[in-house]
Structures are given as C-alpha cells and as structure tokens.
>>> print(open('data31.cif').read())   # mmCIF, C-alpha atoms
data_model
loop_
_atom_site.label_atom_id
_atom_site.label_comp_id
_atom_site.auth_asym_id
_atom_site.auth_seq_id
_atom_site.Cartn_x
_atom_site.Cartn_y
_atom_site.Cartn_z
CA MET A 1 0.00 0.00 0.00
CA LYS A 2 1.08 3.57 -0.72
CA TYR A 3 0.43 6.36 1.78
CA ALA A 4 0.34 10.16 1.65
CA VAL A 5 0.75 12.20 4.81
CA TYR A 6 0.10 15.84 5.71
CA THR A 7 1.22 17.49 8.94
CA LEU A 8 -0.01 20.68 10.56
CA GLY A 9 1.37 22.49 13.59
CA CYS A 10 4.47 22.28 15.73
CA LYS A 11 7.79 20.43 15.62
CA VAL A 12 6.34 17.77 17.93
CA ASN A 13 3.76 16.98 15.26
CA GLN A 14 6.53 16.86 12.66
CA TYR A 15 8.50 14.48 14.87
CA GLU A 16 5.50 12.24 15.46
CA THR A 17 4.71 12.16 11.74
CA GLN A 18 8.20 10.95 10.84
CA ALA A 19 7.97 8.36 13.64
CA LEU A 20 4.61 7.18 12.27
CA GLU A 21 6.08 6.95 8.78
CA THR A 22 8.94 4.82 10.14
CA MET A 23 6.40 2.48 11.74
CA LEU A 24 4.26 2.31 8.56
CA GLN A 25 7.28 1.46 6.43
CA ALA A 26 8.22 -1.28 8.91
CA ARG A 27 4.75 -2.72 8.26
CA GLY A 28 5.28 -2.80 4.51
CA LEU A 29 3.74 0.52 3.40
CA ALA A 30 5.61 2.96 1.15
CA PRO A 31 5.22 6.70 0.56
CA ALA A 32 3.36 7.68 -2.58
CA GLU A 33 5.32 9.68 -5.14
CA THR A 34 4.25 13.25 -5.93
CA GLY A 35 1.11 13.08 -8.03
CA GLU A 36 0.63 9.35 -7.39
CA ARG A 37 -2.72 8.10 -6.06
CA ALA A 38 -2.34 6.90 -2.46
CA ASP A 39 -4.15 3.97 -0.86
CA VAL A 40 -3.99 5.65 2.54
CA VAL A 41 -4.00 9.32 3.51
CA VAL A 42 -2.90 10.42 6.97
CA VAL A 43 -3.50 13.90 8.41
CA ASN A 44 -1.73 14.87 11.63
CA THR A 45 -3.78 17.79 12.92
CA CYS A 46 -3.26 20.84 15.13
CA ALA A 47 -5.63 22.62 17.53
CA VAL A 48 -3.50 25.36 19.08
CA THR A 49 -5.83 28.03 17.65
CA ALA A 50 -9.30 28.06 16.09
CA GLU A 51 -7.56 28.81 12.79
CA SER A 52 -5.47 25.66 13.23
CA GLY A 53 -8.68 23.68 13.60
CA ARG A 54 -10.08 25.22 10.43
CA LYS A 55 -6.90 24.37 8.52
CA SER A 56 -7.01 20.82 9.86
CA ARG A 57 -10.56 20.31 8.56
CA GLN A 58 -9.55 21.86 5.26
CA ALA A 59 -6.54 19.54 4.92
CA ILE A 60 -8.67 16.46 5.60
CA ARG A 61 -11.16 17.43 2.90
CA ARG A 62 -8.40 18.29 0.43
CA LEU A 63 -6.49 15.02 0.80
CA MET A 64 -9.69 12.98 0.56
CA ALA A 65 -10.52 14.78 -2.68
CA GLN A 66 -7.00 14.29 -4.06
CA HIS A 67 -7.05 10.58 -3.23
CA PRO A 68 -10.66 9.39 -3.73
CA GLY A 69 -11.38 6.01 -2.23
CA ALA A 70 -8.27 6.05 -0.04
CA LEU A 71 -8.42 4.91 3.57
CA THR A 72 -8.39 8.13 5.61
CA ALA A 73 -6.63 8.27 8.98
CA VAL A 74 -6.62 11.37 11.17
CA CYS A 75 -4.63 11.93 14.34
CA GLY A 76 -3.23 14.80 16.41
CA CYS A 77 -4.53 17.49 18.70
CA PHE A 78 -7.60 18.53 16.68
CA SER A 79 -8.93 15.00 16.45
CA GLN A 80 -8.17 14.54 20.16
CA LEU A 81 -10.34 17.57 20.88
CA GLU A 82 -13.03 17.15 18.22
CA PRO A 83 -13.25 13.46 17.20
CA GLU A 84 -16.91 13.72 16.18
CA GLN A 85 -16.17 16.54 13.74
CA VAL A 86 -13.40 14.48 12.19
CA LYS A 87 -15.63 11.43 11.91
CA GLU A 88 -18.35 13.52 10.24
CA LEU A 89 -15.80 14.59 7.61
CA GLY A 90 -15.57 10.95 6.57
CA ALA A 91 -12.38 9.75 8.24
CA ASP A 92 -12.13 5.96 8.57
CA ILE A 93 -9.58 5.93 11.39
CA VAL A 94 -9.64 8.60 14.12
CA PHE A 95 -6.97 8.71 16.81
CA GLY A 96 -5.89 11.53 19.08
CA SER A 97 -2.44 12.79 20.04
CA GLY A 98 -1.16 9.48 21.43
CA GLU A 99 -1.00 5.75 20.67
CA LYS A 100 0.93 6.01 17.39
CA GLU A 101 1.84 2.29 17.51
CA LYS A 102 -1.85 1.33 17.60
CA LEU A 103 -2.54 3.85 14.85
CA ALA A 104 0.14 2.29 12.64
CA ASP A 105 -1.41 -1.16 13.23
CA ALA A 106 -4.89 0.12 12.32
CA ILE A 107 -3.61 1.75 9.12
CA ALA A 108 -1.58 -1.29 8.05
CA GLY A 109 -4.56 -3.55 8.70
CA ALA A 110 -7.03 -1.15 7.07
CA LEU A 111 -9.10 -1.39 10.24
CA PRO A 112 -11.63 1.44 10.66
CA ALA A 113 -11.51 2.64 14.25
CA VAL A 114 -12.19 5.60 16.52
CA GLU A 115 -9.89 5.50 19.56
CA ILE A 116 -9.69 8.62 21.71
CA ASP A 117 -8.23 8.29 25.19
CA ASP A 118 -8.30 10.66 28.17
CA PRO A 119 -4.96 12.54 27.92
CA PHE A 120 -4.96 13.24 31.67
CA ARG A 121 -4.74 9.50 32.32
CA ARG A 122 -1.48 9.23 30.40
CA ARG A 123 1.31 8.48 32.85
CA TYR A 124 4.23 7.38 30.69
CA PHE A 125 6.15 8.88 27.82
CA GLU A 126 5.18 7.17 24.56
CA PRO A 127 8.31 5.64 22.97
CA LEU A 128 8.63 6.56 19.30
CA PRO A 129 11.50 6.07 16.83
CA ALA A 130 13.67 9.19 16.64
CA GLY A 131 14.92 10.45 13.31
CA ALA A 132 13.97 12.68 10.42
CA ALA A 133 12.02 12.67 7.21
CA SER A 134 13.85 11.15 4.26
CA GLY A 135 16.71 13.30 2.96
CA ARG A 136 17.00 15.53 6.03
CA THR A 137 20.39 16.37 7.56
CA ARG A 138 19.08 17.17 11.04
CA ALA A 139 17.08 14.85 13.26
CA MET A 140 14.50 15.53 15.93
CA LEU A 141 14.52 13.90 19.34
CA LYS A 142 11.31 14.28 21.33
CA ILE A 143 12.25 14.35 25.02
CA GLN A 144 9.02 15.59 26.60
CA ASP A 145 5.24 15.70 26.13
CA GLY A 146 2.32 17.42 27.86
CA CYS A 147 2.01 20.69 29.78
CA ASP A 148 0.97 21.63 33.33
CA HIS A 149 0.66 25.39 32.85
CA PHE A 150 -2.98 25.86 31.76
CA CYS A 151 -2.51 29.33 30.28
CA THR A 152 -5.88 31.00 29.80
CA TYR A 153 -5.75 30.92 25.98
CA CYS A 154 -4.42 27.40 25.47
CA VAL A 155 -6.06 23.99 24.91
CA ILE A 156 -2.83 21.99 24.70
CA PRO A 157 -3.01 20.50 28.24
CA TYR A 158 -6.45 19.17 27.27
CA THR A 159 -5.09 17.53 24.11
CA ARG A 160 -1.70 16.37 25.41
CA GLY A 161 -2.19 15.82 29.12
CA ARG A 162 0.31 16.37 31.93
CA VAL A 163 4.10 16.55 31.64
CA ARG A 164 5.81 13.27 30.72
CA SER A 165 9.51 12.92 29.95
CA LEU A 166 11.84 10.55 28.12
CA PRO A 167 14.19 9.00 30.73
CA LEU A 168 17.81 10.15 30.59
CA THR A 169 19.09 6.71 29.63
CA ASP A 170 16.75 6.65 26.63
CA CYS A 171 17.80 10.19 25.69
CA GLY A 172 21.38 8.94 25.49
CA THR A 173 20.57 5.71 23.66
CA GLN A 174 18.42 7.37 21.00
CA THR A 175 20.95 10.16 20.53
CA ALA A 176 23.83 7.72 20.03
CA ASP A 177 21.77 5.95 17.38
CA LEU A 178 21.09 9.23 15.56
CA ARG A 179 24.80 10.05 15.56
CA GLU A 180 25.61 6.60 14.18
CA ARG A 181 23.10 7.23 11.39
CA GLY A 182 25.09 10.30 10.35
CA PHE A 183 22.95 13.21 11.54
CA ARG A 184 25.01 16.35 12.19
CA GLU A 185 22.40 18.23 14.20
CA ILE A 186 19.78 17.06 16.69
CA VAL A 187 16.77 19.18 17.63
CA LEU A 188 15.49 18.52 21.15
CA THR A 189 11.77 19.01 21.01
CA GLY A 190 8.67 18.65 23.15
CA ILE A 191 5.47 20.42 24.08
CA GLU A 192 7.15 22.29 26.96
CA ILE A 193 10.74 21.09 27.33
CA ALA A 194 11.49 23.51 30.18
CA SER A 195 9.45 21.14 32.39
CA TYR A 196 11.57 18.16 31.39
CA GLY A 197 12.13 15.61 34.16
CA LYS A 198 9.66 16.83 36.77
CA ASP A 199 7.80 13.51 36.43
CA LEU A 200 10.89 11.28 36.53
CA PRO A 201 12.58 9.70 39.57
CA GLY A 202 15.18 12.10 40.95
CA LYS A 203 13.63 14.91 38.88
CA PRO A 204 16.47 15.52 36.39
CA ASN A 205 16.18 18.88 34.67
CA LEU A 206 16.54 20.09 31.09
CA ALA A 207 20.24 20.94 31.52
CA GLU A 208 20.90 17.32 32.50
CA ALA A 209 19.01 16.09 29.47
CA VAL A 210 21.08 18.31 27.17
CA GLU A 211 24.31 17.17 28.84
CA THR A 212 23.28 13.52 28.39
CA VAL A 213 22.56 14.08 24.72
CA ALA A 214 25.86 15.94 24.23
CA GLN A 215 27.82 13.12 25.85
CA ALA A 216 26.12 10.58 23.59
CA ALA A 217 26.82 12.59 20.43
CA PRO A 218 30.17 14.43 20.68
CA GLY A 219 30.70 16.83 17.81
CA VAL A 220 27.01 16.93 16.85
CA ARG A 221 25.20 20.27 16.96
CA LEU A 222 22.34 20.47 19.46
CA HIS A 223 19.36 22.73 18.83
CA LEU A 224 16.81 23.38 21.56
CA GLY A 225 13.09 23.64 20.96
CA SER A 226 10.88 26.39 22.37
CA LEU A 227 11.87 27.48 25.88
CA GLU A 228 9.99 29.09 28.73
CA PRO A 229 12.08 32.05 29.94
CA THR A 230 11.78 30.76 33.51
CA VAL A 231 14.26 27.96 32.74
CA ILE A 232 16.97 30.34 31.49
CA THR A 233 18.94 30.81 34.72
CA GLU A 234 22.64 31.57 35.15
CA GLU A 235 23.31 27.90 35.92
CA PHE A 236 21.33 26.70 32.91
CA CYS A 237 23.20 29.00 30.52
CA ALA A 238 26.61 28.17 32.01
CA ARG A 239 26.06 24.43 31.75
CA LEU A 240 24.87 24.60 28.15
CA ALA A 241 27.63 26.97 27.06
CA ALA A 242 30.26 24.66 28.58
CA LEU A 243 29.22 21.87 26.20
CA GLY A 244 30.35 23.75 23.09
CA GLN A 245 27.67 22.01 20.99
CA VAL A 246 24.51 24.05 21.58
CA CYS A 247 23.40 26.15 18.61
CA ARG A 248 23.24 29.90 19.12
CA HIS A 249 19.55 30.12 18.36
CA PHE A 250 16.90 30.14 21.09
CA HIS A 251 13.16 30.30 20.59
CA LEU A 252 11.44 31.83 23.61
CA SER A 253 7.77 31.69 24.50
CA LEU A 254 6.85 35.40 24.72
CA GLN A 255 3.15 35.83 23.73
CA SER A 256 3.01 39.49 24.88
CA GLY A 257 5.34 42.31 25.83
CA CYS A 258 2.85 43.87 28.28
CA ASP A 259 2.75 42.80 31.93
CA ASP A 260 -1.01 43.31 32.28
CA THR A 261 -1.65 41.10 29.28
CA LEU A 262 0.79 38.45 30.52
CA ARG A 263 -1.13 38.32 33.82
CA ARG A 264 -4.44 37.78 32.00
CA MET A 265 -2.76 35.03 30.00
CA ALA A 266 -1.61 33.40 33.29
CA ARG A 267 1.98 33.37 32.06
CA ARG A 268 4.63 32.67 34.71
CA TYR A 269 6.95 35.60 34.06
CA ASP A 270 6.86 39.33 33.45
CA THR A 271 8.69 41.46 30.90
CA ALA A 272 11.58 42.17 33.29
CA ALA A 273 12.21 38.45 33.80
CA PHE A 274 11.95 37.83 30.06
CA LEU A 275 14.43 40.58 29.22
CA ALA A 276 16.84 39.26 31.86
CA ALA A 277 16.65 35.82 30.21
CA CYS A 278 17.53 37.39 26.85
CA ASP A 279 20.52 39.17 28.41
CA ARG A 280 21.79 35.92 29.98
CA LEU A 281 21.61 34.07 26.69
CA ARG A 282 23.54 36.83 24.92
CA ARG A 283 26.26 36.83 27.58
CA TYR A 284 26.81 33.07 27.40
CA PHE A 285 26.18 32.71 23.65
CA PRO A 286 27.56 35.88 22.02
CA GLY A 287 25.88 36.76 18.75
CA CYS A 288 22.99 34.35 19.32
CA SER A 289 19.68 34.88 17.58
CA LEU A 290 16.47 35.03 19.58
CA THR A 291 13.04 34.25 18.14
CA ALA A 292 9.60 34.23 19.75
CA ASP A 293 5.84 33.89 19.33
CA LEU A 294 3.47 36.83 19.75
CA ILE A 295 -0.30 36.82 20.19
CA CYS A 296 -1.86 40.05 18.89
CA GLY A 297 -5.24 41.26 20.14
CA PHE A 298 -5.64 39.21 23.29
CA PRO A 299 -8.94 40.00 25.12
CA GLY A 300 -8.67 43.30 26.95
CA GLU A 301 -5.47 44.36 25.18
CA THR A 302 -5.63 48.14 24.88
CA GLU A 303 -3.81 50.31 22.38
CA ALA A 304 -1.38 51.26 25.16
CA ASP A 305 -0.81 47.57 25.95
CA PHE A 306 -0.01 46.79 22.34
CA SER A 307 2.27 49.81 21.99
CA ALA A 308 4.16 48.56 25.03
CA THR A 309 4.51 45.19 23.31
CA LEU A 310 5.95 46.78 20.17
CA ASP A 311 8.43 48.72 22.29
CA PHE A 312 9.37 45.49 24.06
CA LEU A 313 10.12 43.75 20.76
CA GLU A 314 12.64 46.50 20.09
CA GLN A 315 14.20 46.08 23.54
CA CYS A 316 14.65 42.34 23.03
CA GLU A 317 16.17 42.80 19.55
CA PHE A 318 14.68 39.62 18.20
CA PHE A 319 15.91 38.01 15.00
CA TYR A 320 12.36 36.92 14.18
CA VAL A 321 8.93 36.81 15.83
CA HIS A 322 5.95 34.76 14.68
CA ALA A 323 3.07 37.20 15.17
CA PHE A 324 -0.50 35.96 14.82
CA PRO A 325 -3.98 37.14 15.87
CA TYR A 326 -5.54 35.83 19.06
CA SER A 327 -7.93 32.99 18.25
CA PRO A 328 -10.48 32.01 20.93
CA ARG A 329 -10.65 28.32 21.77
CA PRO A 330 -13.93 27.09 23.29
CA GLY A 331 -13.43 25.85 26.83
CA THR A 332 -10.51 28.14 27.66
CA LYS A 333 -10.82 30.99 30.16
CA ALA A 334 -9.74 33.59 27.63
CA ALA A 335 -12.62 32.72 25.30
CA ALA A 336 -15.07 33.90 27.98
CA MET A 337 -13.15 37.06 28.90
CA PRO A 338 -14.77 40.46 28.29
CA ASN A 339 -13.47 43.04 25.82
CA GLN A 340 -12.84 40.67 22.93
CA LEU A 341 -11.26 42.53 20.02
CA SER A 342 -12.66 42.47 16.49
CA HIS A 343 -11.05 40.49 13.70
CA ALA A 344 -10.07 43.77 11.98
CA GLN A 345 -8.38 45.09 15.13
CA LYS A 346 -6.37 41.91 15.58
CA GLU A 347 -5.28 41.78 11.95
CA GLU A 348 -4.25 45.45 12.05
CA ARG A 349 -2.05 44.76 15.08
CA VAL A 350 -0.45 41.77 13.37
CA LEU A 351 0.52 44.01 10.45
CA ARG A 352 2.03 46.61 12.78
CA ALA A 353 3.96 43.93 14.63
CA LYS A 354 5.29 42.48 11.37
CA ALA A 355 6.61 45.89 10.33
CA VAL A 356 8.69 46.01 13.51
CA ILE A 357 9.73 42.37 13.13
CA ASP A 358 10.91 42.86 9.53
CA ARG A 359 13.06 45.79 10.62
CA LEU A 360 14.59 43.81 13.51
CA GLN A 361 15.29 40.83 11.27
CA ARG A 362 17.11 42.91 8.68
CA ARG A 363 19.14 44.61 11.41
CA TYR A 364 20.29 41.25 12.79
CA LEU A 365 21.14 39.90 9.33
CA GLN A 366 23.14 42.99 8.43
CA VAL A 367 25.27 42.52 11.54
CA GLN A 368 26.29 39.05 10.27
CA VAL A 369 28.13 40.49 7.26
CA GLY A 370 31.85 40.07 7.86
CA ARG A 371 31.36 37.31 10.43
CA THR A 372 32.07 33.59 10.04
CA LEU A 373 29.23 31.17 10.74
CA SER A 374 29.19 27.41 11.19
CA VAL A 375 26.78 26.21 8.50
CA LEU A 376 25.07 22.84 8.17
CA PHE A 377 24.34 22.37 4.46
CA GLU A 378 20.91 20.88 3.70
CA ASN A 379 21.76 20.84 0.00
CA GLU A 380 24.93 21.45 -2.00
CA TRP A 381 24.53 25.25 -1.97
CA GLU A 382 22.54 26.28 1.11
CA GLY A 383 22.18 25.59 4.79
CA HIS A 384 21.57 27.13 8.19
CA GLY A 385 24.13 28.78 10.41
CA ASP A 386 24.27 27.75 14.06
CA ASN A 387 22.34 30.99 14.71
CA TYR A 388 19.56 29.74 12.37
CA CYS A 389 20.31 32.25 9.60
CA ARG A 390 19.86 30.94 6.08
CA VAL A 391 23.20 30.93 4.20
CA ARG A 392 24.11 30.38 0.55
CA ALA A 393 27.72 29.49 -0.22
CA ASP A 394 29.91 30.58 -3.13
CA ARG A 395 30.44 27.00 -4.34
CA PRO A 396 28.74 23.61 -4.00
CA VAL A 397 29.67 21.27 -1.15
CA GLU A 398 28.58 17.85 0.04
CA ARG A 399 25.12 17.81 1.56
CA GLY A 400 25.34 17.30 5.32
CA SER A 401 28.68 19.08 5.62
CA VAL A 402 29.24 21.48 8.52
CA LEU A 403 31.62 24.19 7.32
CA PRO A 404 32.76 27.69 8.29
CA VAL A 405 31.36 30.31 5.92
CA ARG A 406 32.46 33.93 5.95
CA ILE A 407 29.44 36.13 5.27
CA ALA A 408 30.03 38.62 2.47
CA ALA A 409 26.60 40.08 1.71
CA LEU A 410 22.89 40.05 2.41
CA SER A 411 20.29 39.20 -0.25
CA GLY A 412 16.71 39.54 0.96
CA ASP A 413 16.47 37.34 4.06
CA LYS A 414 19.43 35.17 3.01
CA LEU A 415 23.12 35.58 3.78
CA LEU A 416 25.71 35.06 1.03
CA GLY A 417 29.12 33.78 2.01
CA CYS A 418 32.44 32.24 1.07
CA ILE A 419 33.51 28.88 2.42
CA ASN A 420 36.60 29.20 4.58
CA ASP A 421 38.63 26.00 4.29
CA LEU A 422 41.40 27.11 6.60
CA GLN A 423 39.48 28.05 9.71
CA SER A 424 38.81 25.25 12.21
CA MET A 425 35.21 24.47 13.05
CA THR A 426 35.81 24.74 16.78
CA SER A 427 36.35 28.46 16.46
CA VAL A 428 32.93 29.12 14.93
CA LEU A 429 30.70 26.49 16.53
#
>>> encode(input="data31.cif", output="structure tokens")
Amino acid sequence: MKYAVYTLGCKVNQYETQALETMLQARGLAPAETGERADVVVVNTCAVTAESGRKSRQAIRRLMAQHPGALTAVCGCFSQLEPEQVKELGADIVFGSGEKEKLADAIAGALPAVEIDDPFRRRYFEPLPAGAASGRTRAMLKIQDGCDHFCTYCVIPYTRGRVRSLPLTDCGTQTADLRERGFREIVLTGIEIASYGKDLPGKPNLAEAVETVAQAAPGVRLHLGSLEPTVITEEFCARLAALGQVCRHFHLSLQSGCDDTLRRMARRYDTAAFLAACDRLRRYFPGCSLTADLICGFPGETEADFSATLDFLEQCEFFYVHAFPYSPRPGTKAAAMPNQLSHAQKEERVLRAKAVIDRLQRRYLQVQVGRTLSVLFENEWEGHGDNYCRVRADRPVERGSVLPVRIAALSGDKLLGCINDLQSMTSVL
C-alpha cells in the first residue's frame, strides 16, 4: 500500500509524523510519489488556535478529494479535541495525540476505528522512533510531552495531558543511534521542554538532558526547541555553554510584551524576567539569535498595551517573531473574557507587529556580514548557520557538511558567504 501524509502544527507533530512513517514502512507501506494516487491518507492535525482547527478540517477534505477512495486516517490534537467533527468529515480511522503504535497497526490492517483516550490518564512517555524525514540532515529527538501550565488561551493540556519525559538513559541511547546514522544536528523538542524531568525519579532537569545528549553525540550540533524564559537561569546558561555544541539560536515563548496582558494570560513571568533571560543568553552565547511567538489582540489588550509590546520587541532585539492574531478556543478561560477585540483590530495589530519584526530581522542579518558562521548544508549550496540564519555558499559542497562560511553580503532574508577551508570548526561552533 502507498500512503500520503500531511502534517499541521508544531515540531512535535513533525516528529510524530516521521515516527509514524517509520512504523508504517516497517509494516510494509511505502510513501506515494508526488502526483501518485495513495491507498492511505494520513492527516496529523493541530488545535493550538481556532484557525489551526479550520486548517485541519480543510486539509482532511483536500487530501480525501485528491485521493478518492483512499483509507483516511486522522490523528493529532484537533482529532483529540473534536473526534466527532473528524468522523463527520468521513475519516475511517480517528486517533488523538497518542498511541501512534496502535494507529500504525490500524492503518496497516485497514481497520476502521475511533480511539480517543483521556490525555490526563497518560502516565508514561510514549516511545517513538527518533529520526527525520527522508533526505533531512538534522534529526528531531522528542524528550518531553504534555504541559501543566494551563494558560488562559491554550487547549494543549487538554489535548496532550500532563508533563511526561523521556528517561535520561533513553535520551542517550536514541541520541547515540542518531549520531551513528550520520545526523550532524539534533533538535530537542517537546510540548514544553522547560518542564523536562519533573515527572521522573530524581527529577532531572533540562540541563541534565542536554548534557546527556551531548555526551552521547560528541561533535554533533544540538538545537533546543521552544523554551519558557523561567528555565533560562545563570546555571542553565553556564552548563549549556560549557558543552560547546549548543546552537546559538533560542526560541522563547513570549506571547506578549505587556505585563497586564501576561497576567491575564496566566503566564509565569513578566517582561523584566523575560528581558533578563535574553541578556543571559547573549552573555553566554555571544551573537545568538532570539526568536519568539506573539499573540496580537488578546482579550482586553488596549492600544497602550499593544504599543508597550511593540516597544518590548525593540528592547529584546529579536531576529524573528511569529506574530498571529488571538484565536479564541472554546473551553478556555480567555474565550469567555470580556473586551474581545474584532477580527479587523487583531489583523491590524499583526501588520504593525510584522513591520517592527521585519526591521529587527534585517538589522540582525546585516550585523552578520563580515562574520564567520558554522553552516550545516541541507543541499549542496545552502544551509543554516548555528544561529539559524539561512546561508548560501559561493560554491557547492557535500550535503550534510558542517563548514565555516564567511558572510560577504545580504540578499533579501538570506546571507551570502564564502567557504573558509582554513578556519577550524571549533572556532565558529
């Protein structure tokens, strides 16, 4: 049987899709070629916003139309939250955000099923094969699942359950396997990796997990997934910097640059704490790039609140920020809050935020000219620097190479550089 798969949402979903593909191929299925009719279509859905739910429904309909008669399997956070909606769309197999092994069995056996568990009853981390989609040079390692924060706008705890972590020994074993398979960069991902280990015996923390991974894969670049600023302490930064393997790009969970709005969101930090975290990262990882997420038009956000957020973006000097309009999710506290903003107001604020973000991004890229970056090449011409900047080299190289590139110019949002054969990698990593 041939399968086609479509993934929406976060890096955890991407990781789980590649793990599911690995399990399907072990059961004798093969990916359909582009334009080829598939026997099975799989949609891994997202529910982080109402818009994500809409896109998930749209993707299900589109793949069913593109592959008429195919067995349709849907999984992920949207189907965990709204299984009846998914079933009404015509899906044959409906699973939630867990039990990928059972899902693979149902798909391989062409067994129609609807299996939705209670995520709050999940007690153990679901073991899945680590790796990457075919042809990728970097691999993902999921070390954590679930979230205990219950922010007022978020449904993720209701779709993923409580915090669960991959034991340290398994972190090391899976990492060593990825290194043996030739991956030059490993992305540590999870729903909220800052909470890593709180459920495990002895309560190891995220720094210990990173150290374990580094020990299992010497010389391999390590890239951290989204971080809560509360985890970015002096000790955390010092321990990671001492490894010499951690990429100089950090994605921080911001959401707003206004303290009043952060309180209504039930976030666990204020702008002063966030800015201090940015300063620590820059001291321990000079030249690092910082990225973030920003919700525009949260209920009750005044013009003064949003102006404060724009000013805060400037203070943090982000490389990039993903700005998007607030989207109410039924069942969350924020959806019932007064002073909901109109769609037009939210979209207008997104546009204003993007104008600031574009300016900050160009400023950071311009600073890279004249510097030398360690670049992992995803193809023979282009790759990403350890600060996550996109780089194009002056000549082709072997895909998967990690080489020093001296940046000579900026073209749009891409850096142009010359490969420096003489400089050792240790001086730029």
>>> residues_near_point(input="data31.cif", point="(3.7, -4.2, -0.3)", cutoff="10 Å", atoms="all atoms listed in the file", output="number ranges by chain")
A: 1-2, 25, 27-30
>>> write_last_selection(input="data31.cif", atoms="C-alpha atoms", output="PDB file, keeping the file's coordinate frame")
ATOM      1  CA  MET A   1       0.000   0.000   0.000  1.00  0.00           C
ATOM      2  CA  LYS A   2       1.080   3.570  -0.720  1.00  0.00           C
ATOM      3  CA  GLN A  25       7.280   1.460   6.430  1.00  0.00           C
ATOM      4  CA  ARG A  27       4.750  -2.720   8.260  1.00  0.00           C
ATOM      5  CA  GLY A  28       5.280  -2.800   4.510  1.00  0.00           C
ATOM      6  CA  LEU A  29       3.740   0.520   3.400  1.00  0.00           C
ATOM      7  CA  ALA A  30       5.610   2.960   1.150  1.00  0.00           C
TER       8      ALA A  30
END
>>> residues_around(input="data31.cif", residues="A:Ala19", least_positions_apart="5", cutoff="8 Å", atoms="all atoms listed in the file", output="PyMOL selection string")
chain A and resi 128-131
>>> closest_residue(input="data31.cif", among="A:Tyr124, A:Ala139, A:Gly182, A:Phe306", to="A:Pro167", atoms="all atoms listed in the file")
A:Tyr124
>>> residues_around(input="data31.cif", residues="A:Ile156", least_positions_apart="5", cutoff="8 Å", atoms="all atoms listed in the file", output="MDAnalysis selection string")
chainID A and resid 47:48 77 146:147 161
>>> resolve_selection(input="data31.cif", expression="the PyMOL selection byres ((chain A and resi 216) around 8)", output="PDB file with C-alpha atoms, in the coordinates of the input")
ATOM      1  CA  GLY A 172      21.380   8.940  25.490  1.00  0.00           C
ATOM      2  CA  THR A 173      20.570   5.710  23.660  1.00  0.00           C
ATOM      3  CA  THR A 175      20.950  10.160  20.530  1.00  0.00           C
ATOM      4  CA  ALA A 176      23.830   7.720  20.030  1.00  0.00           C
ATOM      5  CA  THR A 212      23.280  13.520  28.390  1.00  0.00           C
ATOM      6  CA  VAL A 213      22.560  14.080  24.720  1.00  0.00           C
ATOM      7  CA  ALA A 214      25.860  15.940  24.230  1.00  0.00           C
ATOM      8  CA  GLN A 215      27.820  13.120  25.850  1.00  0.00           C
ATOM      9  CA  ALA A 217      26.820  12.590  20.430  1.00  0.00           C
ATOM     10  CA  PRO A 218      30.170  14.430  20.680  1.00  0.00           C
TER      11      PRO A 218
END
>>> closest_residue(input="data31.cif", among="A:Phe250, A:Tyr6, A:Phe120, A:Phe285", to="A:Val321", atoms="only C-alpha atoms")
A:Phe250
>>> closest_residue(input="data31.cif", among="A:Val40, A:Val397, A:Met337, A:Ile60", to="A:Met265", atoms="all atoms listed in the file")
A:Met337
>>> decode(input="data31.cif", residues="stretch 85-97 of chain A", atoms="N, CA and C atoms", output="CSV table (one decimal), in the first residue's frame")
chain,number,residue,atom,x,y,z
A,85,GLN,N,-16.3,15.7,15.0
A,85,GLN,CA,-16.2,16.5,13.7
A,85,GLN,C,-15.4,15.8,12.7
A,86,VAL,N,-14.3,15.2,13.1
A,86,VAL,CA,-13.4,14.5,12.2
A,86,VAL,C,-14.1,13.3,11.6
A,87,LYS,N,-14.9,12.6,12.4
A,87,LYS,CA,-15.6,11.4,11.9
A,87,LYS,C,-16.7,11.9,10.9
A,88,GLU,N,-17.3,13.0,11.2
A,88,GLU,CA,-18.3,13.5,10.2
A,88,GLU,C,-17.8,13.9,8.9
A,89,LEU,N,-16.5,14.3,8.9
A,89,LEU,CA,-15.8,14.6,7.6
A,89,LEU,C,-15.6,13.4,6.7
A,90,GLY,N,-15.7,12.2,7.3
A,90,GLY,CA,-15.6,11.0,6.6
A,90,GLY,C,-14.3,10.2,6.9
A,91,ALA,N,-13.6,10.5,7.9
A,91,ALA,CA,-12.4,9.8,8.2
A,91,ALA,C,-12.7,8.3,8.7
A,92,ASP,N,-11.9,7.4,8.2
A,92,ASP,CA,-12.1,6.0,8.6
A,92,ASP,C,-11.5,5.6,9.9
A,93,ILE,N,-10.3,6.2,10.2
A,93,ILE,CA,-9.6,5.9,11.4
A,93,ILE,C,-9.3,7.3,12.1
A,94,VAL,N,-9.8,7.3,13.4
A,94,VAL,CA,-9.6,8.6,14.1
A,94,VAL,C,-8.9,8.3,15.4
A,95,PHE,N,-7.7,8.8,15.6
A,95,PHE,CA,-7.0,8.7,16.8
A,95,PHE,C,-6.7,10.1,17.3
A,96,GLY,N,-6.2,10.2,18.5
A,96,GLY,CA,-5.9,11.5,19.1
A,96,GLY,C,-4.4,11.8,19.0
A,97,SER,N,-3.8,12.4,20.1
A,97,SER,CA,-2.4,12.8,20.0
A,97,SER,C,-1.5,11.7,20.6
